[in-house]
Amino acid sequence: MSQTEGVYGYSAVLMGSPILLKLFEHNETLASQVFRLIKQYEDLLTVNRAESQVMSINHAAGKHPVTVSRPVFELIKCAKAASLFPDSIFNLAIGPLVKRWKIGFKGDSVPPEQDIAALLPRTQPHQVVLDEAEGSVYLAHTGMEIDLGAIAKGYIADRVRDFLKRQGVEQGLINLGGNVQTLGSPEGGWSIGLKKPFSGPDEMLGVIEVANKSVVTSGVYERYFELDGKRYHHILDPRTGYPLDNDLDSVTIVSTDSIDGDIWTTLIYGMGVEKGCAVLANRPDIEAIFVTKRREIILSSASQFRFTLLADGYQLITGSTA
Ligand code: ADP
Ligand code: MG
């Protein structure tokens, strides 16, 4: 537990990430309830262990449907819908490729081309078959694997917010390693740092101020490895089976629900600046902050937050001029 100016911080490591909870009261019991809740969801959703509800679905690929608990079913349904959006690079069936690359885990390597070509046909989102009445999920081919790594933290951050609200908490913040969800508006808002790509953990590009909003960042500098001078990061392009190649270092999404932030960071990362801004013009509830390799920071719009640039060498560009 740490304390600065009336804010109490509680930390833990869960889902392979540092987790931080901020409260305006000293309440160890509440903090351990929050961490237990996160752990319960992790136990249902993880694919980084032999057993979980999602792993049961994966183990039964090509064999039979598996009935799962309602939250798991709803999350998979949501992930499938995001995977079927027009031009979506979000793909919940990306599992076989993620497992083959092992980016961010021990033993990461660049797979031979023929391995990638052989795995691609096993990553078709429409072959994730959902039965609403049974609450079951069936992967239509052997070797298919669901991976919820791009959406689970957002979903869980929202469940933590809901839990805190039910407990009567008016102001709080949960940071699930890059997925931030906030409750309330302490003195004008929560300040959330935006990391400077490929720099030390404390080096900030800028600060985002929000109230009652989620701030999710997905960056190619978070998990990657380098080989022969080339960088391989953890967001894969389901069309090629290789890490997505574009001119972005990160995308941050500000939205009400963190699940939307988590989905849209991946979608928008895939679309790039121009298309991303065009799509978001019809979605005032979802706002993006792009950080390009050319060191530009581009805001699709900024009605739900305030951004202050801190780092030298970066240029800030807002929606209309982007
Ligand atoms: P993080 O917050 O951990 O950086 P992201 O939300 O950016 O995670 O999602 C990246 C994770 O999602 C990867 O580690 C992998 O498990 C999974 N993933 C990789 N590529 C895709 C994709 N195209 N669609 C959906 N999930 C993906
Ligand atoms: Mg995501």
# chains A, B, ... in the order shown; residues from 1 in each chain; ligands from 1
>>> closest_atom_pairs(of="chain A", to="ligand 1", cutoff="8 Å", atoms="only C-alpha atoms and all ligand atoms", output="CSV")
residue,atom,partner,partner_atom_place_in_ligand_line,distance
A:Ser83,CA,ligand 1,24 (N),7.5
A:Ile89,CA,ligand 1,23 (N),5.1
A:Phe90,CA,ligand 1,24 (N),3.6
A:Asn91,CA,ligand 1,24 (N),3.8
A:Leu92,CA,ligand 1,25 (C),5.0
A:Ala93,CA,ligand 1,25 (C),7.4
A:Ile94,CA,ligand 1,21 (C),6.0
A:Gly95,CA,ligand 1,16 (O),7.2
A:Val98,CA,ligand 1,15 (C),5.9
A:Ile103,CA,ligand 1,14 (O),7.3
A:Gly104,CA,ligand 1,14 (O),7.6
A:Asp147,CA,ligand 1,16 (O),5.8
A:Leu148,CA,ligand 1,26 (N),6.4
A:Gly149,CA,ligand 1,16 (O),4.0
A:Ala150,CA,ligand 1,9 (O),3.3
A:Ile151,CA,ligand 1,6 (O),5.9
A:Lys153,CA,ligand 1,2 (O),7.2
A:Gly177,CA,ligand 1,2 (O),6.8
A:Gly178,CA,ligand 1,2 (O),5.7
A:Asn179,CA,ligand 1,2 (O),6.7
A:Val216,CA,ligand 1,2 (O),7.8
A:Thr217,CA,ligand 1,2 (O),6.9
A:Ser218,CA,ligand 1,7 (O),4.4
A:Gly219,CA,ligand 1,4 (O),6.4
A:Val220,CA,ligand 1,4 (O),7.8
A:Glu222,CA,ligand 1,4 (O),6.0
A:Arg223,CA,ligand 1,4 (O),6.8
A:His234,CA,ligand 1,14 (O),5.1
A:Ile235,CA,ligand 1,20 (N),3.9
A:Leu236,CA,ligand 1,20 (N),3.9
A:Asp237,CA,ligand 1,23 (N),5.1
A:Pro238,CA,ligand 1,23 (N),5.4
A:Pro243,CA,ligand 1,20 (N),7.7
A:Asp262,CA,ligand 1,6 (O),5.4
A:Ile263,CA,ligand 1,6 (O),7.3
A:Thr265,CA,ligand 1,6 (O),7.0
A:Thr266,CA,ligand 1,7 (O),6.3
>>> write_last_selection(atoms="C-alpha atoms", output="PDB file, in the first residue's frame")
ATOM      1  CA  SER A  83     -13.649  -9.983 -35.338  1.00  0.00           C
ATOM      2  CA  ILE A  89      -7.831  -7.047 -37.774  1.00  0.00           C
ATOM      3  CA  PHE A  90      -9.217  -8.108 -34.415  1.00  0.00           C
ATOM      4  CA  ASN A  91      -9.442 -11.903 -34.451  1.00  0.00           C
ATOM      5  CA  LEU A  92     -10.440 -13.977 -31.417  1.00  0.00           C
ATOM      6  CA  ALA A  93      -9.340 -17.159 -33.219  1.00  0.00           C
ATOM      7  CA  ILE A  94      -5.738 -15.914 -33.555  1.00  0.00           C
ATOM      8  CA  GLY A  95      -4.612 -18.377 -30.828  1.00  0.00           C
ATOM      9  CA  VAL A  98       0.022 -16.358 -30.911  1.00  0.00           C
ATOM     10  CA  ILE A 103       5.966 -13.091 -28.444  1.00  0.00           C
ATOM     11  CA  GLY A 104       6.501 -11.813 -24.919  1.00  0.00           C
ATOM     12  CA  ASP A 147      -7.244 -16.058 -27.492  1.00  0.00           C
ATOM     13  CA  LEU A 148      -8.943 -13.284 -25.515  1.00  0.00           C
ATOM     14  CA  GLY A 149      -5.690 -11.443 -24.728  1.00  0.00           C
ATOM     15  CA  ALA A 150      -6.813  -8.360 -26.643  1.00  0.00           C
ATOM     16  CA  ILE A 151     -10.141  -7.968 -24.822  1.00  0.00           C
ATOM     17  CA  LYS A 153      -8.372  -6.903 -19.470  1.00  0.00           C
ATOM     18  CA  GLY A 177      -1.267  -3.045 -17.041  1.00  0.00           C
ATOM     19  CA  GLY A 178      -2.257  -0.592 -19.773  1.00  0.00           C
ATOM     20  CA  ASN A 179      -6.033  -0.780 -19.319  1.00  0.00           C
ATOM     21  CA  VAL A 216      -6.606   1.871 -22.948  1.00  0.00           C
ATOM     22  CA  THR A 217      -3.268   1.898 -24.729  1.00  0.00           C
ATOM     23  CA  SER A 218      -1.951  -0.747 -27.049  1.00  0.00           C
ATOM     24  CA  GLY A 219       1.577  -0.211 -28.208  1.00  0.00           C
ATOM     25  CA  VAL A 220       4.089  -2.139 -30.252  1.00  0.00           C
ATOM     26  CA  GLU A 222       4.909  -3.265 -24.887  1.00  0.00           C
ATOM     27  CA  ARG A 223       5.837  -6.796 -25.851  1.00  0.00           C
ATOM     28  CA  HIS A 234       2.640  -8.827 -30.206  1.00  0.00           C
ATOM     29  CA  ILE A 235      -0.231  -7.544 -32.371  1.00  0.00           C
ATOM     30  CA  LEU A 236      -0.524  -9.984 -35.239  1.00  0.00           C
ATOM     31  CA  ASP A 237      -2.101  -9.279 -38.604  1.00  0.00           C
ATOM     32  CA  PRO A 238      -4.572 -12.130 -39.137  1.00  0.00           C
ATOM     33  CA  PRO A 243       3.125  -8.699 -36.659  1.00  0.00           C
ATOM     34  CA  ASP A 262      -9.577  -2.753 -25.657  1.00  0.00           C
ATOM     35  CA  ILE A 263     -11.388  -3.759 -28.869  1.00  0.00           C
ATOM     36  CA  THR A 265      -7.200  -0.094 -29.827  1.00  0.00           C
ATOM     37  CA  THR A 266      -6.704  -3.231 -31.916  1.00  0.00           C
TER      38      THR A 266
END
>>> select_by_dssp(residues="segment 17-82 of chain A", states="strand (DSSP E)", output="list in words")
Ser17, Pro18, Ile19, Leu20, Leu21, Lys22, Leu23, Val66 and Thr67 of chain A
>>> write_last_selection(atoms="N, CA and C atoms", output="PDB file, in the first residue's frame")
ATOM      1  N   SER A  17       0.664  -9.100 -15.388  1.00  0.00           N
ATOM      2  CA  SER A  17       0.841  -7.644 -15.431  1.00  0.00           C
ATOM      3  C   SER A  17       0.809  -7.045 -14.035  1.00  0.00           C
ATOM      4  N   PRO A  18       1.494  -5.909 -13.862  1.00  0.00           N
ATOM      5  CA  PRO A  18       1.329  -5.194 -12.593  1.00  0.00           C
ATOM      6  C   PRO A  18      -0.050  -4.546 -12.553  1.00  0.00           C
ATOM      7  N   ILE A  19      -0.750  -4.732 -11.454  1.00  0.00           N
ATOM      8  CA  ILE A  19      -2.110  -4.206 -11.303  1.00  0.00           C
ATOM      9  C   ILE A  19      -2.066  -3.135 -10.225  1.00  0.00           C
ATOM     10  N   LEU A  20      -2.718  -2.005 -10.467  1.00  0.00           N
ATOM     11  CA  LEU A  20      -2.747  -0.941  -9.469  1.00  0.00           C
ATOM     12  C   LEU A  20      -4.178  -0.478  -9.227  1.00  0.00           C
ATOM     13  N   LEU A  21      -4.538  -0.436  -7.948  1.00  0.00           N
ATOM     14  CA  LEU A  21      -5.858   0.070  -7.558  1.00  0.00           C
ATOM     15  C   LEU A  21      -5.649   1.331  -6.739  1.00  0.00           C
ATOM     16  N   LYS A  22      -6.389   2.394  -7.086  1.00  0.00           N
ATOM     17  CA  LYS A  22      -6.302   3.621  -6.283  1.00  0.00           C
ATOM     18  C   LYS A  22      -7.653   3.906  -5.649  1.00  0.00           C
ATOM     19  N   LEU A  23      -7.614   4.201  -4.360  1.00  0.00           N
ATOM     20  CA  LEU A  23      -8.832   4.523  -3.614  1.00  0.00           C
ATOM     21  C   LEU A  23      -8.595   5.800  -2.818  1.00  0.00           C
ATOM     22  N   VAL A  66     -18.611 -26.775 -25.957  1.00  0.00           N
ATOM     23  CA  VAL A  66     -18.417 -26.729 -24.507  1.00  0.00           C
ATOM     24  C   VAL A  66     -19.317 -25.627 -23.931  1.00  0.00           C
ATOM     25  N   THR A  67     -20.117 -25.982 -22.943  1.00  0.00           N
ATOM     26  CA  THR A  67     -20.956 -24.987 -22.281  1.00  0.00           C
ATOM     27  C   THR A  67     -20.117 -24.251 -21.239  1.00  0.00           C
TER      28      THR A  67
END
>>> closest_residue(among="A:Arg122, A:Leu205, A:Ala82, A:Asp312", to="ligand 2", atoms="only C-alpha atoms and all ligand atoms")
A:Ala82
>>> closest_residue(among="A:Glu113, A:Ala79, A:Val207, A:Gly193", to="ligand 2", atoms="only C-alpha atoms and all ligand atoms")
A:Ala79
>>> residues_around(residues="Gln304 of chain A", least_positions_apart="4", cutoff="8 Å", atoms="only C-alpha atoms", output="list in words")
Val210, Lys213, Val254, Ser255 and Glu287 of chain A
>>> write_last_selection(atoms="N, CA and C atoms", output="CSV table (one decimal), in the first residue's frame")
chain,number,residue,atom,x,y,z
A,210,VAL,N,-9.2,12.6,-17.4
A,210,VAL,CA,-10.5,12.1,-17.7
A,210,VAL,C,-11.3,12.0,-16.4
A,213,LYS,N,-14.1,7.6,-17.2
A,213,LYS,CA,-13.8,7.1,-18.5
A,213,LYS,C,-12.7,6.0,-18.4
A,254,VAL,N,-10.0,6.5,-25.6
A,254,VAL,CA,-10.8,6.9,-24.4
A,254,VAL,C,-12.2,6.6,-24.7
A,255,SER,N,-12.9,5.9,-23.8
A,255,SER,CA,-14.3,5.5,-24.0
A,255,SER,C,-14.9,5.3,-22.6
A,287,GLU,N,-12.8,7.8,-28.7
A,287,GLU,CA,-11.8,8.8,-29.2
A,287,GLU,C,-10.4,8.2,-29.2
>>> select_by_dssp(residues="segment 137-170 of chain A", states="alpha helix (DSSP H)", output="MDAnalysis selection string")
chainID A and resid 152:166
>>> residues_around(residues="Arg283 of chain A", least_positions_apart="5", cutoff="12 Å", atoms="only C-alpha atoms", output="count of residues only")
12
>>> atom_distance(atom1="atom CA of Leu97 of chain A", atom2="atom CA of Ile116 of chain A")
7.1 Å
>>> atom_distance(atom1="atom CA of Leu30 of chain A", atom2="atom CA of Thr182 of chain A")
16.1 Å
>>> closest_residue(among="A:Val54, A:Ile259, A:Ala281, A:Asp43", to="ligand 2", atoms="only C-alpha atoms and all ligand atoms")
A:Ile259
